[in-house]
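Asks: Following this message is one structure expressed as structure tokens.
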2 protein chains.
Amino acid sequence: MTGFVSFVSSGPGDPELLTLKAARLMGAAEVVLFDDLSSGALLYHCADGAELIAVGKRAGRPSPRQDHVSRLLVDHARTGARVVRLKSGDAGIFGRLEEEITALRAAGIGFEIVPGVTAASAAAAAAGIPLTRRGTARRVQFITGADVTGVLPEGLNWAALADPGATTVVYMGKRSFPRLAEGLIAHGLPPDTPALLAEAVGHPHARLTRRPLARLAEEIAETAGEHPALILVGPLAEG
Amino acid sequence: MTGFVSFVSSGPGDPELLTLKAARLMGAAEVVLFDDLSSGALLYHCADGAELIAVGKRAGRPSPRQDHVSRLLVDHARTGARVVRLKSGDAGIFGRLEEEITALRAAGIGFEIVPGVTAASAAAAAAGIPLTRRGTARRVQFITGADVTGVLPEGLNWAALADPGATTVVYMGKRSFPRLAEGLIAHGLPPDTPALLAEAVGHPHARLTRRPLARLAEEIAETAGEHPALILVGPLAEG
């Protein structure tokens with residue numbers, strides 16, 4: 001009875017952007033642990049009688065501690081159950097996957113990772129643009145705008161970020177975006193670089209806002225929003 | 001009879017890593033244009049009677065010219081057909097999507113983009129690692145190792161790439177990797193930085209090779225390989 005855990009990427013929120021493999025594993029799971037961002041209609045793929053456990057974690061909200069989630073994973077796997085751990089977007093991108101893997105390894109429990117559609121791909125698709133373009137956007141990079149305490153991480157590589165020839169996608173970046181934009185501009189990125197705020201991508205209430213970098217930062221500083229948001233900066237954001 | 005084109009990301013090759021939406025659209029399409037990398041078992045999702053058109057493009061091989069592909073898309077959409085254009089991985093990442101979008105726009109034909117699982121996510125999942133890690137791999141970036149002529153693109157941002165705190169994923173990068181590695185090391189990335197060669201990810205003959213950066217470059221210089229390959233460089237590649 002060693003059990004097995006499938007880390008299943010649930011994609012950006014649209015239930016149709018789940019992979020066939022994710023849907024199959026969800027349907028076969030006896031226990032499913034899910035986040036706030038991997039809930040709703042997605043969970044219809046779970047089998048009747050499956051045990052669904054909310055382990056909501058979301059920036060800026062009180063949430064179960066990580067070691068509590070890891071403990072739940074280990075305990076359920078040890079019963080011999082087929083466990084699915086749903087992770088929003090692609091589990092490998094800002095999913096804090098490693099902490100849970102480490103706990104499973106320490107407990108001698110096998111696991112697999114099922115990749116998924118990351119939010120950046122979904123936001124670009126919704127905006128009708130690619131993330132890369134020959135010549136003018138030859139590099140795409142993803143950063144998070146919120147470290148574990150919810151603020152902009154220290155030690156950013158400004159030479160990498162303030163590059164007019166790259167597409168930069170900021171995950172969980174709305175709150176800290178005014179500070180990030182200030183840094184980008186201070187390091188030479190033109191204030192009129194195209195930027196795109198993508199809110200609630202993959203949901204019916206999705207909203208896209210295109211503005212020059214400096215103006216988007218101003219508008220974000222003046223507003224607040226509940227929906228998970230992604231910000232794209234770079235020539236392609238113009239659309 | 002204006003027609004409509006769905007750019008459908010087909011994921012990294014494993015037919016189960018197709019999204020539910022991709023499978024649905026393939027099943028409803030009257031015409032499907034596909035690449036070498038979006039063929040095989042994936043195409044079983046197409047309806048009986050659908051017209052399947054190979055428009056293979058692969059680095060280093062003779063292939064139809066891009067304007068020929070765009071012309072086919074426009075011509076088929078103009079018949080009023082539901083057209084699916086399959087793109088391997090995520091269509092927005094090194095998919096040369098924009099050239100085809102531009103042709104559709106010029107012809108007044110509507111389109112949608114369906115995002116998918118990009119090869120980097122699939123390679124990391126196969127290797128049992130995430131692409132980001134708090135503290136030590138806080139940025140992930142994707143570049144291509146082959147420009148339109150098949151060689152390493154000019155004008156790389158070395159400060160961005162030779163960053164020990166990032167995960168760098170090189171698409172189509174096997175041939176030019178010795179030159180890239182040389183540049184990375186010359187710009188300060190330690191030669192023993194972990195690296196991972198992921199070949200044929202998503203296929204039954206997938207192969208993962210973990211080596212320190214300098215050694216992987218040496219081995220690649222001495223061998224040749226047919227399978228599409230991805231190279232990850234960064235602390236997480238160690239596994």
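Each chain in the structure tokens gets a letter, A, B, ..., in the order shown, and its residues are numbered from 1; ligands are numbered from 1 in order too.
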With only C-alpha atoms as the counted atoms, please give the residues lying no more than 8 Å from range 205-212 of chain B, apart from itself and same-chain residues fewer than 5 positions off, as a ChimeraX atom specification.
Replies: /B:127,191-200,237-238
Asks: I need the residues in range 28-221 of chain B that are strand (DSSP E or B) according to DSSP; give them as a ChimeraX atom specification.
Replies: /B:31-34,51-54,82-87,89,110-114,133,137,139-144,166-171,194-199,207-212
Asks: Save out the residues we just selected, C-alpha atoms, as a PDB file, in the first residue's frame.
Replies:
ATOM      1  CA  VAL B  31      -9.877  20.601 -43.283  1.00  0.00           C
ATOM      2  CA  VAL B  32      -6.830  20.041 -41.065  1.00  0.00           C
ATOM      3  CA  LEU B  33      -3.381  21.364 -41.959  1.00  0.00           C
ATOM      4  CA  PHE B  34      -0.634  19.726 -39.933  1.00  0.00           C
ATOM      5  CA  GLU B  51      -9.269  16.581 -45.549  1.00  0.00           C
ATOM      6  CA  LEU B  52      -5.832  16.228 -43.946  1.00  0.00           C
ATOM      7  CA  ILE B  53      -3.052  18.275 -45.515  1.00  0.00           C
ATOM      8  CA  ALA B  54       0.592  17.835 -44.540  1.00  0.00           C
ATOM      9  CA  ARG B  82     -14.060  24.814 -40.780  1.00  0.00           C
ATOM     10  CA  VAL B  83     -10.266  24.789 -40.925  1.00  0.00           C
ATOM     11  CA  VAL B  84      -7.926  23.640 -38.175  1.00  0.00           C
ATOM     12  CA  ARG B  85      -4.279  24.559 -38.409  1.00  0.00           C
ATOM     13  CA  LEU B  86      -2.403  22.254 -36.035  1.00  0.00           C
ATOM     14  CA  LYS B  87       0.759  23.636 -34.472  1.00  0.00           C
ATOM     15  CA  GLY B  89       3.548  22.420 -28.674  1.00  0.00           C
ATOM     16  CA  GLY B 110     -11.612  35.210 -38.645  1.00  0.00           C
ATOM     17  CA  PHE B 111      -9.485  33.005 -36.447  1.00  0.00           C
ATOM     18  CA  GLU B 112      -8.986  31.788 -32.907  1.00  0.00           C
ATOM     19  CA  ILE B 113      -5.922  30.474 -31.099  1.00  0.00           C
ATOM     20  CA  VAL B 114      -6.191  27.449 -28.839  1.00  0.00           C
ATOM     21  CA  ARG B 133      11.878  27.247  -7.842  1.00  0.00           C
ATOM     22  CA  ALA B 137      15.231  29.527 -10.281  1.00  0.00           C
ATOM     23  CA  ARG B 139      12.815  33.169 -13.832  1.00  0.00           C
ATOM     24  CA  VAL B 140      12.254  30.787 -16.711  1.00  0.00           C
ATOM     25  CA  GLN B 141      13.053  31.757 -20.284  1.00  0.00           C
ATOM     26  CA  PHE B 142      12.631  30.122 -23.648  1.00  0.00           C
ATOM     27  CA  ILE B 143      14.825  30.788 -26.661  1.00  0.00           C
ATOM     28  CA  THR B 144      15.276  29.076 -29.971  1.00  0.00           C
ATOM     29  CA  ALA B 166      17.170  31.186 -14.140  1.00  0.00           C
ATOM     30  CA  THR B 167      15.981  28.125 -16.004  1.00  0.00           C
ATOM     31  CA  THR B 168      16.769  28.508 -19.696  1.00  0.00           C
ATOM     32  CA  VAL B 169      15.059  26.248 -22.193  1.00  0.00           C
ATOM     33  CA  VAL B 170      16.454  26.086 -25.701  1.00  0.00           C
ATOM     34  CA  TYR B 171      14.019  24.956 -28.373  1.00  0.00           C
ATOM     35  CA  PRO B 194      23.338  21.444 -14.602  1.00  0.00           C
ATOM     36  CA  ALA B 195      21.909  20.827 -18.062  1.00  0.00           C
ATOM     37  CA  LEU B 196      19.400  18.371 -19.446  1.00  0.00           C
ATOM     38  CA  LEU B 197      18.942  17.206 -23.025  1.00  0.00           C
ATOM     39  CA  ALA B 198      15.365  16.061 -23.625  1.00  0.00           C
ATOM     40  CA  GLU B 199      14.864  14.232 -26.891  1.00  0.00           C
ATOM     41  CA  ARG B 207      15.317  10.134 -23.842  1.00  0.00           C
ATOM     42  CA  LEU B 208      16.677  12.367 -21.063  1.00  0.00           C
ATOM     43  CA  THR B 209      20.402  13.052 -20.639  1.00  0.00           C
ATOM     44  CA  ARG B 210      21.653  14.994 -17.603  1.00  0.00           C
ATOM     45  CA  ARG B 211      25.164  16.445 -17.790  1.00  0.00           C
ATOM     46  CA  PRO B 212      27.032  19.514 -16.608  1.00  0.00           C
TER      47      PRO B 212
END
Asks: I need the residues in range 154-198 of chain B that are helix (DSSP H, G or I) according to DSSP; give them as a PyMOL selection string.
Replies: chain B and resi 158-161+177-186
Asks: Go ahead and dump the residues you just picked, C-alpha atoms, as an mmCIF file, in the first residue's frame.
Replies:
data_model
loop_
_atom_site.group_PDB
_atom_site.id
_atom_site.type_symbol
_atom_site.label_atom_id
_atom_site.label_comp_id
_atom_site.auth_asym_id
_atom_site.auth_seq_id
_atom_site.Cartn_x
_atom_site.Cartn_y
_atom_site.Cartn_z
ATOM 1 C CA TRP B 158 23.880 37.173 -22.724
ATOM 2 C CA ALA B 159 23.166 38.877 -19.400
ATOM 3 C CA ALA B 160 19.739 37.264 -19.501
ATOM 4 C CA LEU B 161 20.966 33.852 -20.615
ATOM 5 C CA PHE B 177 24.236 24.080 -28.514
ATOM 6 C CA PRO B 178 28.038 23.847 -28.518
ATOM 7 C CA ARG B 179 28.185 27.476 -29.677
ATOM 8 C CA LEU B 180 25.525 28.567 -27.214
ATOM 9 C CA ALA B 181 27.271 26.828 -24.313
ATOM 10 C CA GLU B 182 30.540 28.480 -25.268
ATOM 11 C CA GLY B 183 28.836 31.869 -25.134
ATOM 12 C CA LEU B 184 27.141 31.133 -21.820
ATOM 13 C CA ILE B 185 30.431 30.098 -20.226
ATOM 14 C CA ALA B 186 32.272 33.074 -21.733
#
Asks: So which residues touch Ala22 in chain B within 8 Å, counting only C-alpha atoms, skipping near sequence neighbours fewer than 6 positions away, as a compact mmCIF listing (two decimals) with N, CA, C and O atoms, in the first residue's frame?
Replies:
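around-v6.txt, freshly written:
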# COMPACT_ATOMS: atom_id res chain seq x y z
N VAL B 8 -4.75 25.45 -33.63
CA VAL B 8 -4.90 24.52 -32.52
C VAL B 8 -3.53 23.97 -32.11
O VAL B 8 -2.83 23.35 -32.91
N SER B 9 -3.15 24.25 -30.87
CA SER B 9 -1.89 23.72 -30.34
C SER B 9 -2.06 22.24 -30.09
O SER B 9 -3.01 21.82 -29.43
N SER B 10 -1.12 21.45 -30.59
CA SER B 10 -1.28 20.00 -30.45
C SER B 10 -0.42 19.42 -29.34
O SER B 10 -0.40 18.21 -29.15
N VAL B 114 -5.97 28.35 -29.97
CA VAL B 114 -6.19 27.45 -28.84
C VAL B 114 -4.83 27.09 -28.25
O VAL B 114 -4.03 26.44 -28.91
Asks: Please determine the contact residues of chain B with respect to chain A at a cut-off of 6 Å, counting only C-alpha atoms, and supply them as a short mmCIF file (atom, residue, chain, number, x, y, z; two decimals) with all heavy atoms, in the first residue's frame.
Replies:
data_model
loop_
_atom_site.label_atom_id
_atom_site.label_comp_id
_atom_site.auth_asym_id
_atom_site.auth_seq_id
_atom_site.Cartn_x
_atom_site.Cartn_y
_atom_site.Cartn_z
N GLU B 16 -2.20 12.17 -25.59
CA GLU B 16 -3.00 12.45 -24.39
C GLU B 16 -2.74 13.86 -23.84
O GLU B 16 -3.43 14.30 -22.93
CB GLU B 16 -2.68 11.44 -23.28
CG GLU B 16 -3.58 10.22 -23.32
CD GLU B 16 -3.80 9.68 -21.92
OE1 GLU B 16 -2.84 9.15 -21.34
OE2 GLU B 16 -4.93 9.81 -21.41
N LEU B 17 -1.74 14.53 -24.38
CA LEU B 17 -1.48 15.89 -23.90
C LEU B 17 -2.14 16.94 -24.78
O LEU B 17 -1.88 18.14 -24.66
CB LEU B 17 0.03 16.13 -23.73
CG LEU B 17 0.64 15.32 -22.59
CD1 LEU B 17 2.13 15.61 -22.47
CD2 LEU B 17 -0.06 15.59 -21.25
N LEU B 18 -2.98 16.50 -25.65
CA LEU B 18 -3.87 17.39 -26.38
C LEU B 18 -4.92 17.90 -25.38
O LEU B 18 -5.31 17.17 -24.47
CB LEU B 18 -4.57 16.54 -27.43
CG LEU B 18 -5.04 17.14 -28.75
CD1 LEU B 18 -3.87 17.68 -29.54
CD2 LEU B 18 -5.75 16.06 -29.57
N THR B 19 -5.39 19.13 -25.55
CA THR B 19 -6.49 19.59 -24.69
C THR B 19 -7.82 19.05 -25.19
O THR B 19 -7.96 18.66 -26.36
CB THR B 19 -6.57 21.13 -24.65
OG1 THR B 19 -6.86 21.61 -25.97
CG2 THR B 19 -5.27 21.76 -24.17
N LEU B 20 -8.80 19.08 -24.32
CA LEU B 20 -10.16 18.67 -24.70
C LEU B 20 -10.67 19.54 -25.85
O LEU B 20 -11.33 19.05 -26.78
CB LEU B 20 -11.11 18.80 -23.49
CG LEU B 20 -10.73 17.96 -22.25
CD1 LEU B 20 -11.67 18.31 -21.10
CD2 LEU B 20 -10.80 16.48 -22.56
N LYS B 21 -10.34 20.82 -25.80
CA LYS B 21 -10.80 21.74 -26.84
C LYS B 21 -10.15 21.40 -28.18
O LYS B 21 -10.81 21.42 -29.23
CB LYS B 21 -10.47 23.18 -26.44
CG LYS B 21 -11.05 24.21 -27.39
CD LYS B 21 -10.94 25.62 -26.81
CE LYS B 21 -11.72 26.61 -27.66
NZ LYS B 21 -11.69 27.97 -27.06
N GLY B 92 1.83 29.55 -29.77
CA GLY B 92 2.37 30.90 -29.58
C GLY B 92 3.85 30.93 -29.27
O GLY B 92 4.44 32.01 -29.16
N ILE B 93 4.46 29.77 -29.07
CA ILE B 93 5.88 29.72 -28.70
C ILE B 93 6.68 29.10 -29.83
O ILE B 93 6.60 27.90 -30.07
CB ILE B 93 6.04 28.96 -27.36
CG1 ILE B 93 5.30 29.71 -26.26
CG2 ILE B 93 7.52 28.77 -27.03
CD1 ILE B 93 5.34 29.06 -24.89
N PHE B 94 7.44 29.94 -30.53
CA PHE B 94 8.28 29.51 -31.66
C PHE B 94 7.46 28.75 -32.71
O PHE B 94 7.96 27.81 -33.33
CB PHE B 94 9.48 28.70 -31.18
CG PHE B 94 10.29 29.43 -30.15
CD1 PHE B 94 10.52 28.89 -28.88
CD2 PHE B 94 10.81 30.69 -30.42
CE1 PHE B 94 11.23 29.59 -27.92
CE2 PHE B 94 11.54 31.39 -29.46
CZ PHE B 94 11.75 30.84 -28.21
N ILE B 113 -7.13 31.20 -31.47
CA ILE B 113 -5.92 30.47 -31.10
C ILE B 113 -6.25 29.61 -29.89
O ILE B 113 -6.79 30.13 -28.90
CB ILE B 113 -4.76 31.44 -30.75
CG1 ILE B 113 -4.49 32.40 -31.92
CG2 ILE B 113 -3.49 30.66 -30.39
CD1 ILE B 113 -3.51 33.52 -31.57
N PRO B 115 -4.58 27.55 -27.02
CA PRO B 115 -3.25 27.32 -26.45
C PRO B 115 -3.05 25.85 -26.12
O PRO B 115 -4.02 25.08 -26.02
CB PRO B 115 -3.26 28.18 -25.19
CG PRO B 115 -4.70 28.24 -24.78
CD PRO B 115 -5.48 28.24 -26.07
N GLY B 116 -1.80 25.46 -25.93
CA GLY B 116 -1.51 24.07 -25.62
C GLY B 116 -0.31 23.92 -24.71
O GLY B 116 0.24 24.91 -24.21
N VAL B 117 0.07 22.69 -24.50
CA VAL B 117 1.21 22.39 -23.63
C VAL B 117 2.49 22.57 -24.43
O VAL B 117 2.70 21.91 -25.45
CB VAL B 117 1.13 20.94 -23.11
CG1 VAL B 117 2.33 20.62 -22.23
CG2 VAL B 117 -0.18 20.70 -22.36
N SER B 121 7.38 22.50 -20.82
CA SER B 121 6.60 21.96 -19.70
C SER B 121 6.61 20.43 -19.73
O SER B 121 6.72 19.77 -18.69
CB SER B 121 5.15 22.46 -19.77
OG SER B 121 5.12 23.86 -19.55
N ALA B 122 6.51 19.88 -20.93
CA ALA B 122 6.49 18.42 -21.05
C ALA B 122 7.85 17.82 -20.71
O ALA B 122 7.93 16.77 -20.06
CB ALA B 122 6.08 18.03 -22.47
N ALA B 125 8.30 17.97 -16.93
CA ALA B 125 7.43 16.96 -16.29
C ALA B 125 8.02 15.56 -16.46
O ALA B 125 8.05 14.77 -15.51
CB ALA B 125 6.03 17.03 -16.89
N PRO B 130 10.22 20.82 -11.69
CA PRO B 130 9.52 22.02 -12.14
C PRO B 130 10.46 22.92 -12.96
O PRO B 130 11.68 22.66 -13.00
CB PRO B 130 9.13 22.71 -10.83
CG PRO B 130 10.17 22.25 -9.85
CD PRO B 130 10.69 20.92 -10.31
N LEU B 131 9.92 23.94 -13.59
CA LEU B 131 10.74 24.90 -14.34
C LEU B 131 11.15 26.09 -13.49
O LEU B 131 12.04 26.85 -13.87
CB LEU B 131 9.99 25.39 -15.59
CG LEU B 131 9.86 24.36 -16.71
CD1 LEU B 131 8.85 24.81 -17.75
CD2 LEU B 131 11.22 24.11 -17.37
N THR B 132 10.47 26.28 -12.37
CA THR B 132 10.80 27.40 -11.47
C THR B 132 10.94 26.87 -10.05
O THR B 132 10.37 25.84 -9.69
CB THR B 132 9.70 28.49 -11.47
OG1 THR B 132 8.50 27.94 -10.93
CG2 THR B 132 9.43 29.01 -12.87
N ARG B 139 13.19 32.71 -12.49
CA ARG B 139 12.81 33.17 -13.83
C ARG B 139 13.00 31.99 -14.78
O ARG B 139 13.96 31.23 -14.65
CB ARG B 139 13.72 34.34 -14.24
CG ARG B 139 13.38 35.00 -15.57
CD ARG B 139 14.15 36.34 -15.72
NE ARG B 139 15.58 36.13 -15.65
CZ ARG B 139 16.36 35.88 -16.71
NH1 ARG B 139 15.83 35.82 -17.92
NH2 ARG B 139 17.65 35.69 -16.57
N VAL B 140 12.07 31.81 -15.69
CA VAL B 140 12.25 30.79 -16.71
C VAL B 140 12.16 31.48 -18.06
O VAL B 140 11.33 32.39 -18.24
CB VAL B 140 11.23 29.63 -16.57
CG1 VAL B 140 9.80 30.12 -16.61
CG2 VAL B 140 11.45 28.56 -17.64
N GLN B 141 13.04 31.11 -18.98
CA GLN B 141 13.05 31.76 -20.28
C GLN B 141 13.23 30.71 -21.38
O GLN B 141 13.88 29.70 -21.19
CB GLN B 141 14.16 32.81 -20.36
CG GLN B 141 15.56 32.27 -20.10
CD GLN B 141 16.58 33.37 -19.85
OE1 GLN B 141 16.35 34.53 -20.19
NE2 GLN B 141 17.71 33.02 -19.25
N PHE B 142 12.58 31.01 -22.49
CA PHE B 142 12.63 30.12 -23.65
C PHE B 142 13.29 30.87 -24.80
O PHE B 142 12.91 32.01 -25.09
CB PHE B 142 11.22 29.71 -24.10
CG PHE B 142 10.36 29.08 -23.03
CD1 PHE B 142 8.97 29.13 -23.14
CD2 PHE B 142 10.90 28.40 -21.94
CE1 PHE B 142 8.15 28.54 -22.18
CE2 PHE B 142 10.09 27.81 -20.98
CZ PHE B 142 8.70 27.89 -21.10
N ILE B 143 14.25 30.23 -25.43
CA ILE B 143 14.83 30.79 -26.66
C ILE B 143 14.87 29.67 -27.70
O ILE B 143 14.74 28.49 -27.38
CB ILE B 143 16.25 31.35 -26.47
CG1 ILE B 143 17.22 30.26 -25.99
CG2 ILE B 143 16.26 32.53 -25.51
CD1 ILE B 143 18.69 30.64 -26.10
N ALA B 160 20.96 38.00 -19.84
CA ALA B 160 19.74 37.26 -19.50
C ALA B 160 20.01 35.77 -19.47
O ALA B 160 19.51 35.05 -18.61
CB ALA B 160 18.64 37.58 -20.52
#
Asks: B:Ser176, B:Ser38, B:Thr2, B:Thr149: which is nearest Ser88 in chain B, counting only C-alpha atoms?
Replies: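 The shortest atom-to-atom distance to Ser88 in chain B comes from B:Ser38.
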Asks: For each of A:Pro164, A:Tyr44, A:Val151, A:Ala103, take the minimum atom-to-atom distance to Thr136 in chain A, counting only C-alpha atoms, then give the residue where this is smallest.
Replies: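 Closest to Thr136 in chain A, using only C-alpha atoms: A:Pro164.
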Asks: Do you have the CA of Gly49 in chain B-CA of Gly27 in chain B distance handy?
Replies: 10.4 Å
Asks: Distance CA of Leu37 in chain A-CA of Ala217 in chain A, one decimal place?
Replies: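 These atoms are spaced 25.0 Å apart.
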Asks: Kindly indicate which residue among A:Gly56, A:Leu189, A:Val201, A:Ala221 lies nearest to Gly234 in chain A, using only C-alpha atoms for the distances.
Replies: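 Looking at the shortest contact to Gly234 in chain A, the residue is A:Leu189.
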Asks: In Å, rounded to a single decimal, give me how far CA of Leu104 in chain A is from CA of Cys46 in chain A.
Replies: 22.7 Å
